[in-house]
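Here is the file input36.tsv (TSV, C-alpha atoms).
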```tsv
chain	number	residue	atom	x	y	z
A	12	MET	CA	0.00	0.00	0.00
A	13	GLN	CA	1.97	2.97	-1.33
A	14	THR	CA	1.18	6.60	-0.48
A	15	ARG	CA	3.10	9.84	-0.26
A	16	LEU	CA	3.76	8.94	3.38
A	17	THR	CA	5.40	5.61	2.57
A	18	ASP	CA	7.52	7.32	-0.06
A	19	LEU	CA	8.56	10.10	2.30
A	20	LEU	CA	9.39	7.85	5.25
A	21	GLN	CA	10.75	5.00	3.08
A	22	ILE	CA	8.44	2.41	4.66
A	23	GLU	CA	6.17	-0.30	3.29
A	24	HIS	CA	2.87	0.45	5.04
A	25	PRO	CA	1.22	3.81	5.90
A	26	VAL	CA	0.81	2.84	9.56
A	27	MET	CA	2.60	4.89	12.21
A	28	LEU	CA	2.96	4.04	15.88
A	29	ALA	CA	2.12	7.01	18.09
A	30	GLY	CA	5.08	8.12	20.19
A	31	MET	CA	3.28	7.56	23.48
A	32	GLY	CA	5.15	8.66	26.58
A	33	GLY	CA	5.58	5.76	28.97
A	34	VAL	CA	4.44	3.18	26.39
A	35	SER	CA	6.34	3.39	23.10
A	36	TYR	CA	9.73	1.96	24.02
A	37	HIS	CA	12.22	-0.03	21.93
A	38	ARG	CA	10.36	-3.37	21.84
A	39	LEU	CA	7.19	-1.83	20.43
A	40	VAL	CA	8.96	0.62	18.14
A	41	SER	CA	11.22	-2.00	16.59
A	42	ALA	CA	8.31	-4.41	16.12
A	43	VAL	CA	6.24	-1.84	14.20
A	44	SER	CA	9.15	-0.64	12.08
A	45	GLY	CA	10.31	-4.18	11.47
A	46	ALA	CA	6.87	-5.05	10.12
A	47	GLY	CA	7.09	-2.28	7.53
A	48	GLY	CA	5.23	0.39	9.48
A	49	PHE	CA	6.82	3.35	11.25
A	50	GLY	CA	7.70	3.07	14.92
A	51	CYS	CA	8.11	6.13	17.09
A	52	LEU	CA	9.67	6.33	20.54
A	53	GLY	CA	7.72	8.24	23.16
A	54	ALA	CA	10.66	10.09	24.67
A	55	SER	CA	8.81	12.83	26.56
A	56	THR	CA	9.11	10.83	29.79
A	57	MET	CA	12.74	9.85	29.29
A	58	SER	CA	15.97	11.38	30.48
A	59	ASN	CA	18.49	12.14	27.76
A	60	GLU	CA	20.52	9.10	28.77
A	61	GLN	CA	17.46	6.84	28.64
A	62	MET	CA	16.40	8.22	25.27
A	63	VAL	CA	19.83	7.49	23.80
A	64	ALA	CA	19.78	3.97	25.26
A	65	GLU	CA	16.32	3.32	23.82
A	66	ILE	CA	17.33	4.58	20.37
A	67	ARG	CA	20.33	2.29	20.39
A	68	LYS	CA	18.17	-0.68	21.39
A	69	VAL	CA	15.84	0.04	18.48
A	70	ARG	CA	18.84	0.14	16.17
A	71	GLU	CA	20.00	-3.24	17.51
A	72	LEU	CA	16.63	-4.81	16.64
A	73	THR	CA	15.91	-3.27	13.23
A	74	ASP	CA	17.55	-1.26	10.49
A	75	ARG	CA	14.20	0.21	9.41
A	76	PRO	CA	13.36	3.93	9.83
A	77	PHE	CA	11.87	5.13	13.12
A	78	GLY	CA	11.17	8.41	14.89
A	79	VAL	CA	11.32	10.09	18.29
A	80	ASP	CA	8.40	12.01	19.80
A	81	LEU	CA	9.08	14.88	22.22
A	82	LEU	CA	6.75	17.40	23.85
A	83	THR	CA	7.99	20.90	23.07
A	84	ALA	CA	6.19	22.29	26.12
A	85	MET	CA	8.10	20.11	28.59
A	86	PRO	CA	10.86	21.69	30.70
A	87	GLY	CA	14.38	21.06	29.48
A	88	ASP	CA	16.64	21.79	26.53
A	89	LEU	CA	14.67	20.58	23.50
A	90	VAL	CA	17.43	21.46	21.04
A	91	ALA	CA	19.90	19.34	22.99
A	92	GLN	CA	17.47	16.41	22.88
A	93	VAL	CA	16.98	16.84	19.14
A	94	GLU	CA	20.74	16.91	18.65
A	95	LEU	CA	20.92	13.55	20.42
A	96	LEU	CA	18.20	11.90	18.33
A	97	ILE	CA	19.92	13.15	15.19
A	98	ALA	CA	23.30	11.83	16.29
A	99	GLU	CA	21.83	8.43	17.19
A	100	GLY	CA	20.19	7.88	13.82
A	101	ALA	CA	16.47	8.63	14.15
A	102	SER	CA	14.93	9.61	10.84
A	103	VAL	CA	12.00	11.71	12.11
A	104	PHE	CA	11.45	14.12	14.99
A	105	VAL	CA	7.80	14.33	16.02
A	106	ALA	CA	6.92	17.55	17.85
A	107	GLY	CA	3.92	17.68	20.16
A	108	LEU	CA	2.35	20.71	21.85
A	109	GLY	CA	4.16	23.31	19.79
A	110	VAL	CA	6.23	24.08	16.70
A	111	PRO	CA	9.95	24.45	17.59
A	112	ALA	CA	11.38	26.49	14.71
A	113	GLU	CA	15.01	26.19	15.84
A	114	ALA	CA	14.75	22.40	16.15
A	115	ILE	CA	13.17	22.14	12.70
A	116	LYS	CA	16.07	23.98	11.10
A	117	LEU	CA	18.52	21.78	12.99
A	118	CYS	CA	16.81	18.61	11.78
A	119	HIS	CA	16.75	19.73	8.18
A	120	ARG	CA	20.45	20.56	8.25
A	121	HIS	CA	21.05	16.91	9.11
A	122	GLY	CA	18.51	15.30	6.79
A	123	VAL	CA	15.99	14.47	9.53
A	124	LEU	CA	12.28	14.95	8.82
A	125	VAL	CA	9.92	16.77	11.20
A	126	ALA	CA	6.30	15.90	11.94
A	127	ASN	CA	3.88	17.93	14.02
A	128	MET	CA	0.75	17.00	15.94
A	129	CYS	CA	-2.16	19.24	14.90
A	130	GLY	CA	-5.66	19.55	16.33
A	131	LYS	CA	-6.75	22.54	14.26
A	132	VAL	CA	-6.28	23.85	10.72
A	133	THR	CA	-4.39	26.86	12.04
A	134	HIS	CA	-1.95	24.55	13.82
A	135	ALA	CA	-1.22	22.75	10.55
A	136	ARG	CA	-0.66	25.95	8.59
A	137	VAL	CA	1.77	27.24	11.21
A	138	ALA	CA	3.60	23.89	11.26
A	139	VAL	CA	3.99	23.69	7.49
A	140	ASP	CA	5.00	27.35	7.21
A	141	ALA	CA	7.68	26.62	9.83
A	142	GLY	CA	9.04	23.79	7.67
A	143	CYS	CA	7.41	20.62	9.00
A	144	ASP	CA	7.52	17.79	6.47
A	145	LEU	CA	4.24	16.14	7.48
A	146	VAL	CA	1.38	16.86	9.86
A	147	ILE	CA	-0.67	14.52	12.01
A	148	ALA	CA	-4.34	15.50	12.20
A	149	GLN	CA	-5.34	14.33	15.67
A	150	GLY	CA	-9.05	14.35	16.38
A	151	THR	CA	-10.56	14.65	19.84
A	152	GLU	CA	-11.30	10.90	19.87
A	153	ALA	CA	-7.60	10.28	20.46
A	154	GLY	CA	-6.17	9.19	23.78
A	155	GLY	CA	-3.81	11.41	25.72
A	156	HIS	CA	-3.54	15.16	25.14
A	157	THR	CA	-6.14	16.07	22.57
A	158	GLY	CA	-8.14	18.97	21.15
A	159	GLN	CA	-11.81	19.66	20.46
A	160	VAL	CA	-12.32	18.81	16.77
A	161	ALA	CA	-13.30	15.28	15.74
A	162	THR	CA	-11.21	13.23	13.33
A	163	MET	CA	-13.81	12.94	10.57
A	164	PRO	CA	-14.14	16.71	9.97
A	165	LEU	CA	-10.55	17.55	10.94
A	166	VAL	CA	-8.70	15.34	8.45
A	167	PRO	CA	-10.27	16.61	5.19
A	168	GLN	CA	-10.00	20.21	6.36
A	169	LEU	CA	-6.28	19.77	7.03
A	170	VAL	CA	-5.92	18.03	3.67
A	171	ASP	CA	-7.58	21.00	1.97
A	172	ALA	CA	-5.40	23.46	3.89
A	173	VAL	CA	-1.93	21.90	3.58
A	174	GLY	CA	-2.29	18.57	1.74
A	175	ASP	CA	-0.91	20.05	-1.47
A	176	ARG	CA	2.32	20.80	0.39
A	177	VAL	CA	2.88	17.89	2.79
A	178	PRO	CA	1.35	14.48	3.61
A	179	VAL	CA	-1.43	14.49	6.20
A	180	VAL	CA	-1.70	11.58	8.64
A	181	ALA	CA	-4.99	10.81	10.39
A	182	ALA	CA	-5.18	10.11	14.13
A	183	GLY	CA	-7.87	9.70	16.75
A	184	GLY	CA	-10.26	6.78	17.26
A	185	ILE	CA	-8.63	4.60	14.59
A	186	PHE	CA	-8.09	1.01	15.68
A	187	ASP	CA	-8.30	-1.24	12.59
A	188	GLY	CA	-8.04	-1.43	8.81
A	189	ARG	CA	-11.45	0.17	8.31
A	190	GLY	CA	-10.02	3.28	9.94
A	191	LEU	CA	-7.05	3.25	7.59
A	192	ALA	CA	-9.36	2.90	4.58
A	193	ALA	CA	-11.52	5.75	5.86
A	194	ALA	CA	-8.48	7.95	6.42
A	195	LEU	CA	-7.30	7.37	2.85
A	196	ALA	CA	-10.79	8.18	1.59
A	197	LEU	CA	-10.65	11.47	3.48
A	198	GLY	CA	-7.43	12.38	1.68
A	199	ALA	CA	-4.91	11.37	4.34
A	200	ASP	CA	-1.74	9.49	3.40
A	201	GLY	CA	-1.68	7.20	6.43
A	202	VAL	CA	-2.67	6.73	10.06
A	203	TRP	CA	-1.14	7.35	13.48
A	204	LEU	CA	-2.29	4.76	16.03
A	205	GLY	CA	-1.86	4.90	19.77
A	206	THR	CA	-4.45	3.08	21.88
A	207	ARG	CA	-4.57	0.00	19.65
A	208	PHE	CA	-0.82	-0.49	19.98
A	209	ILE	CA	-1.01	-0.29	23.77
A	210	ALA	CA	-2.91	-3.59	23.64
A	211	THR	CA	0.13	-5.49	22.38
A	212	PRO	CA	2.62	-7.69	24.25
A	213	GLU	CA	5.45	-5.33	23.30
A	214	ALA	CA	3.92	-2.18	24.79
A	215	ARG	CA	5.39	-1.00	28.07
A	216	THR	CA	2.65	-0.25	30.62
A	217	VAL	CA	2.04	0.00	34.32
A	218	ASP	CA	-0.10	-2.60	36.09
A	219	GLY	CA	-3.75	-2.81	35.04
A	220	TYR	CA	-3.48	-0.68	31.89
A	221	LYS	CA	-3.93	-3.41	29.27
A	222	ASP	CA	-6.62	-5.17	31.31
A	223	ARG	CA	-8.64	-1.97	31.50
A	224	LEU	CA	-8.29	-1.43	27.76
A	225	LEU	CA	-9.64	-4.88	26.96
A	226	THR	CA	-12.69	-4.47	29.20
A	227	SER	CA	-13.64	-0.84	28.50
A	228	ALA	CA	-16.54	0.16	26.25
A	229	GLU	CA	-16.57	2.91	23.66
A	230	ASP	CA	-17.93	5.37	26.26
A	231	GLY	CA	-15.33	4.41	28.85
A	232	THR	CA	-13.13	7.47	28.35
A	233	VAL	CA	-13.38	11.05	29.52
A	234	ILE	CA	-11.46	14.26	28.83
A	235	THR	CA	-9.93	15.81	31.93
A	236	LYS	CA	-7.25	18.24	33.08
A	237	ALA	CA	-6.84	16.45	36.40
A	238	TYR	CA	-3.69	14.55	35.47
A	239	SER	CA	-1.64	17.13	33.56
A	240	GLY	CA	-3.33	20.52	33.41
A	241	LYS	CA	-4.06	20.06	29.70
A	242	THR	CA	-7.07	18.35	28.18
A	243	MET	CA	-6.31	14.62	28.17
A	244	ARG	CA	-8.54	11.71	27.19
A	245	VAL	CA	-8.17	8.88	29.69
A	246	LEU	CA	-10.08	5.85	30.94
A	247	ARG	CA	-12.82	6.88	33.34
A	248	ASN	CA	-12.20	5.90	36.98
A	249	GLY	CA	-13.14	6.58	40.58
A	250	TYR	CA	-10.35	9.10	41.14
A	251	LEU	CA	-11.71	11.39	38.43
A	252	ALA	CA	-15.19	11.30	39.93
A	253	GLU	CA	-13.71	12.31	43.30
A	254	TRP	CA	-11.58	15.01	41.71
A	255	GLU	CA	-14.52	16.55	39.84
A	256	GLN	CA	-16.62	16.65	43.00
A	257	SER	CA	-13.81	18.21	45.03
A	258	GLY	CA	-13.70	21.38	42.95
A	259	ALA	CA	-9.90	21.33	43.09
A	260	GLU	CA	-8.12	24.08	41.19
A	261	VAL	CA	-6.26	23.01	38.06
A	262	GLN	CA	-2.62	24.04	37.94
A	263	ARG	CA	-0.94	24.87	34.65
A	264	PHE	CA	1.00	22.25	32.71
A	265	PRO	CA	3.37	20.74	33.76
A	266	MET	CA	2.75	21.62	37.42
A	267	GLN	CA	-0.54	19.69	37.50
A	268	ALA	CA	1.25	16.62	36.10
A	269	LEU	CA	3.89	16.88	38.81
A	270	ALA	CA	1.16	17.17	41.45
A	271	ALA	CA	-0.61	14.06	40.08
A	272	MET	CA	2.67	12.15	40.16
A	273	GLN	CA	3.30	13.19	43.76
A	274	GLU	CA	-0.23	12.08	44.65
A	275	GLY	CA	0.57	8.64	43.22
A	276	VAL	CA	-2.06	8.61	40.46
A	277	PHE	CA	0.21	9.25	37.46
A	278	HIS	CA	3.14	6.82	37.13
A	279	LEU	CA	4.29	8.17	33.79
A	280	GLY	CA	7.23	6.18	32.48
A	281	GLY	CA	6.60	3.24	34.81
A	282	ASP	CA	6.30	-0.41	33.84
A	283	ASP	CA	4.69	-3.60	35.13
A	284	ARG	CA	7.13	-3.66	38.05
A	285	THR	CA	6.16	-0.19	39.26
A	286	GLU	CA	4.66	-0.32	42.74
A	287	GLY	CA	1.69	1.64	44.05
A	288	VAL	CA	-0.45	1.63	40.89
A	289	ASP	CA	-4.18	1.61	41.68
A	290	PRO	CA	-6.25	0.85	38.54
A	291	GLN	CA	-9.15	2.86	39.98
A	292	ARG	CA	-7.01	5.97	40.34
A	293	GLU	CA	-4.22	5.66	37.77
A	294	CYS	CA	-3.96	7.79	34.63
A	295	TYR	CA	-4.55	5.45	31.68
A	296	PRO	CA	-4.68	7.53	28.46
A	297	ALA	CA	-6.97	5.93	25.87
A	298	GLY	CA	-8.97	6.90	22.80
A	299	GLN	CA	-12.59	6.21	21.93
A	300	GLY	CA	-11.58	3.28	19.77
A	301	VAL	CA	-11.00	1.37	23.00
A	302	GLY	CA	-14.40	-0.33	22.71
A	303	GLY	CA	-13.19	-2.11	19.59
A	304	ILE	CA	-10.16	-3.66	21.31
A	305	ASP	CA	-10.75	-7.05	22.92
A	306	GLU	CA	-7.46	-8.93	22.56
A	307	LEU	CA	-3.72	-8.48	22.78
A	308	VAL	CA	-2.15	-8.82	19.34
A	309	PRO	CA	1.59	-8.81	18.58
A	310	ALA	CA	2.53	-5.46	17.07
A	311	ALA	CA	3.94	-6.84	13.81
A	312	GLU	CA	0.83	-8.95	13.27
A	313	LEU	CA	-1.30	-5.92	14.02
A	314	VAL	CA	0.40	-3.86	11.30
A	315	GLU	CA	-0.17	-6.63	8.76
A	316	ARG	CA	-3.77	-7.12	9.87
A	317	ILE	CA	-4.59	-3.42	9.57
A	318	VAL	CA	-3.18	-3.21	6.04
A	319	GLU	CA	-4.96	-6.39	4.91
A	320	GLU	CA	-8.27	-5.16	6.33
A	321	ALA	CA	-7.86	-1.79	4.64
A	322	GLU	CA	-7.09	-3.39	1.29
A	323	ALA	CA	-10.16	-5.61	1.60
A	324	VAL	CA	-12.38	-2.61	2.40
A	325	LEU	CA	-11.03	-0.57	-0.48
A	326	ALA	CA	-11.47	-3.51	-2.87
A	327	ARG	CA	-15.07	-3.95	-1.73
A	328	ILE	CA	-16.13	-0.33	-2.08
A	329	ALA	CA	-14.17	0.36	-5.27
A	330	PRO	CA	-13.89	-2.90	-7.21
A	331	VAL	CA	-11.72	-2.98	-10.31
A	332	ARG	CA	-13.84	-2.88	-13.45
A	333	THR	CA	-12.70	-4.20	-16.81
```

As structure tokens - that is how I would like this structure written.
Amino acid sequence: MQTRLTDLLQIEHPVMLAGMGGVSYHRLVSAVSGAGGFGCLGASTMSNEQMVAEIRKVRELTDRPFGVDLLTAMPGDLVAQVELLIAEGASVFVAGLGVPAEAIKLCHRHGVLVANMCGKVTHARVAVDAGCDLVIAQGTEAGGHTGQVATMPLVPQLVDAVGDRVPVVAAGGIFDGRGLAAALALGADGVWLGTRFIATPEARTVDGYKDRLLTSAEDGTVITKAYSGKTMRVLRNGYLAEWEQSGAEVQRFPMQALAAMQEGVFHLGGDDRTEGVDPQRECYPAGQGVGGIDELVPAAELVERIVEEAEAVLARIAPVRT
């Protein structure tokens, strides 16, 4: 399945792994890239040393292209982090929560592509004008930090606004090949999947996360500022009900995230050995596609399954006529 995205990233399938902080580590990234998709490390929760170690582990497991996702709004020296990902051989820098002009120029000087997460048309225009090579249209159905516009109307509007200049990738609520087919029909060149890849053996998660994904319905998520200070879609739980009733004041990002971590309800960057995780209080980011996830599937198999399903859908709705 060839699109402008596969040509640009030099991959086989237009399926990108979301660079989820705390989840997208080397096992998951290398599995997706190795299957012909595009893996992306979620490095926003990592120290510089850990990010370098994770990049090197990806390189040990695959020679396929992969990216690194960083939040531009996080404290720290973003340019120094970008210099590291360039030096270690990542092929794409994915910028979330902002457009870092200096980092974009740095990447382009070294032949590294830049992608930007966009929740509005204005975001996409700013990103492309700043030099981003592709944009990810993330609808409000997506898990984690998200905006207000749904995927279905957002994707074609971004395509109309900037699709003649760069590839547009669809994100938010997509969990199978039907979503990929729909994204292509809307004019996108591929998809960016997060929640579906959490439900894989390779994903790194704290205790209870995958179990909650497999048992949650399509209405099992809620958007809240309780965990980070920014709008975040997460699995609904008892802690959020208590927090809403308390009338607690929301601190600005990232201070609210630090407060949630100190309270023991946000173990960002933890794993299945992390102690003190309460599934009824923990922050489990998830999108509205969660209701369609009922089994753990190896990441490589998932990439192949998504592409096969999409091809079957496209063949059914647009059969070849002789």

For Ile234 (chain A), work out the shell of residues within 12 Å, counting all atoms listed in the file and skipping chain neighbours fewer than 3 positions away, then give it as a VMD selection string.
-> chain A and resid 151 to 159 230 to 231 237 to 248 251 255 294 to 299

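You will find CA of Val318 (chain A) at 17.9 Å from CA of Ser41 (chain A).
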
Edge lengths and centre in Å to one decimal, as AutoDock Vina command-line options, of the axis-aligned box that encloses all listed atoms of region 83-99 of chain A with 3 Å added on every side?
```
--center_x 14.7 --center_y 15.4 --center_z 22.9 --size_x 23.1 --size_y 19.9 --size_z 21.5
```

10 Å contact set for region 111-128 of chain A, all atoms listed in the file, chain neighbours under 3 positions out, as a PDB file with C-alpha atoms, in the coordinates of the input:
```pdb
ATOM      1  CA  LEU A  19       8.560  10.100   2.300  1.00  0.00           C
ATOM      2  CA  LEU A  20       9.390   7.850   5.250  1.00  0.00           C
ATOM      3  CA  GLY A  78      11.170   8.410  14.890  1.00  0.00           C
ATOM      4  CA  VAL A  79      11.320  10.090  18.290  1.00  0.00           C
ATOM      5  CA  ASP A  80       8.400  12.010  19.800  1.00  0.00           C
ATOM      6  CA  LEU A  82       6.750  17.400  23.850  1.00  0.00           C
ATOM      7  CA  THR A  83       7.990  20.900  23.070  1.00  0.00           C
ATOM      8  CA  ALA A  84       6.190  22.290  26.120  1.00  0.00           C
ATOM      9  CA  LEU A  89      14.670  20.580  23.500  1.00  0.00           C
ATOM     10  CA  VAL A  90      17.430  21.460  21.040  1.00  0.00           C
ATOM     11  CA  ALA A  91      19.900  19.340  22.990  1.00  0.00           C
ATOM     12  CA  GLN A  92      17.470  16.410  22.880  1.00  0.00           C
ATOM     13  CA  VAL A  93      16.980  16.840  19.140  1.00  0.00           C
ATOM     14  CA  GLU A  94      20.740  16.910  18.650  1.00  0.00           C
ATOM     15  CA  LEU A  96      18.200  11.900  18.330  1.00  0.00           C
ATOM     16  CA  ILE A  97      19.920  13.150  15.190  1.00  0.00           C
ATOM     17  CA  ALA A  98      23.300  11.830  16.290  1.00  0.00           C
ATOM     18  CA  GLY A 100      20.190   7.880  13.820  1.00  0.00           C
ATOM     19  CA  ALA A 101      16.470   8.630  14.150  1.00  0.00           C
ATOM     20  CA  SER A 102      14.930   9.610  10.840  1.00  0.00           C
ATOM     21  CA  VAL A 103      12.000  11.710  12.110  1.00  0.00           C
ATOM     22  CA  PHE A 104      11.450  14.120  14.990  1.00  0.00           C
ATOM     23  CA  VAL A 105       7.800  14.330  16.020  1.00  0.00           C
ATOM     24  CA  ALA A 106       6.920  17.550  17.850  1.00  0.00           C
ATOM     25  CA  GLY A 107       3.920  17.680  20.160  1.00  0.00           C
ATOM     26  CA  LEU A 108       2.350  20.710  21.850  1.00  0.00           C
ATOM     27  CA  LYS A 131      -6.750  22.540  14.260  1.00  0.00           C
ATOM     28  CA  HIS A 134      -1.950  24.550  13.820  1.00  0.00           C
ATOM     29  CA  ALA A 135      -1.220  22.750  10.550  1.00  0.00           C
ATOM     30  CA  VAL A 137       1.770  27.240  11.210  1.00  0.00           C
ATOM     31  CA  ALA A 138       3.600  23.890  11.260  1.00  0.00           C
ATOM     32  CA  VAL A 139       3.990  23.690   7.490  1.00  0.00           C
ATOM     33  CA  ASP A 140       5.000  27.350   7.210  1.00  0.00           C
ATOM     34  CA  ALA A 141       7.680  26.620   9.830  1.00  0.00           C
ATOM     35  CA  GLY A 142       9.040  23.790   7.670  1.00  0.00           C
ATOM     36  CA  CYS A 143       7.410  20.620   9.000  1.00  0.00           C
ATOM     37  CA  ASP A 144       7.520  17.790   6.470  1.00  0.00           C
ATOM     38  CA  LEU A 145       4.240  16.140   7.480  1.00  0.00           C
ATOM     39  CA  VAL A 146       1.380  16.860   9.860  1.00  0.00           C
ATOM     40  CA  ILE A 147      -0.670  14.520  12.010  1.00  0.00           C
ATOM     41  CA  ALA A 148      -4.340  15.500  12.200  1.00  0.00           C
ATOM     42  CA  GLN A 149      -5.340  14.330  15.670  1.00  0.00           C
ATOM     43  CA  THR A 157      -6.140  16.070  22.570  1.00  0.00           C
ATOM     44  CA  VAL A 177       2.880  17.890   2.790  1.00  0.00           C
ATOM     45  CA  PRO A 178       1.350  14.480   3.610  1.00  0.00           C
ATOM     46  CA  VAL A 179      -1.430  14.490   6.200  1.00  0.00           C
ATOM     47  CA  VAL A 180      -1.700  11.580   8.640  1.00  0.00           C
ATOM     48  CA  ALA A 182      -5.180  10.110  14.130  1.00  0.00           C
TER      49      ALA A 182
END
```

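Closest approach to Arg215 (chain A) among A:Glu320, A:Asp282, A:Asp88, A:Glu60 is made by A:Asp282 (distances from only C-alpha atoms).
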
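Of the residues listed (A:Lys221, A:His278, A:Arg15, A:His24), A:Arg15 shows the shortest atom-to-atom separation from Ala199 (chain A); distances use only C-alpha atoms.
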
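Minimum atom-to-atom distances from A:Val132, A:Ala54, A:Ala29, A:Ile304 to Ala172 (chain A) were compared using all atoms listed in the file, and the lowest value belongs to A:Val132.
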
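All protein, DNA and RNA residues at most 12 Å from (-13.7, 17.2, 7.6) are Lys131, Val132, Ala148, Gln149, Gly150, Val160, Ala161, Thr162, Met163, Pro164, Leu165, Val166, Pro167, Gln168, Leu169, Val170, Asp171, Ala172, Ala181, Ala193, Ala194, Ala196, Leu197, Gly198 and Ala199 of chain A, using all atoms listed in the file.
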
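Every protein or nucleic acid residue with an atom no more than 10 Å from Gly249 (chain A), counting only C-alpha atoms and leaving out same-chain residues fewer than 5 positions away, appears here: A:Trp254, A:Pro290, A:Gln291, A:Arg292, A:Glu293.
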
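Residue nearest Phe277 (chain A), chosen from A:Ala64, A:Leu81, A:Leu191, A:Val217 and counting only C-alpha atoms: A:Val217.
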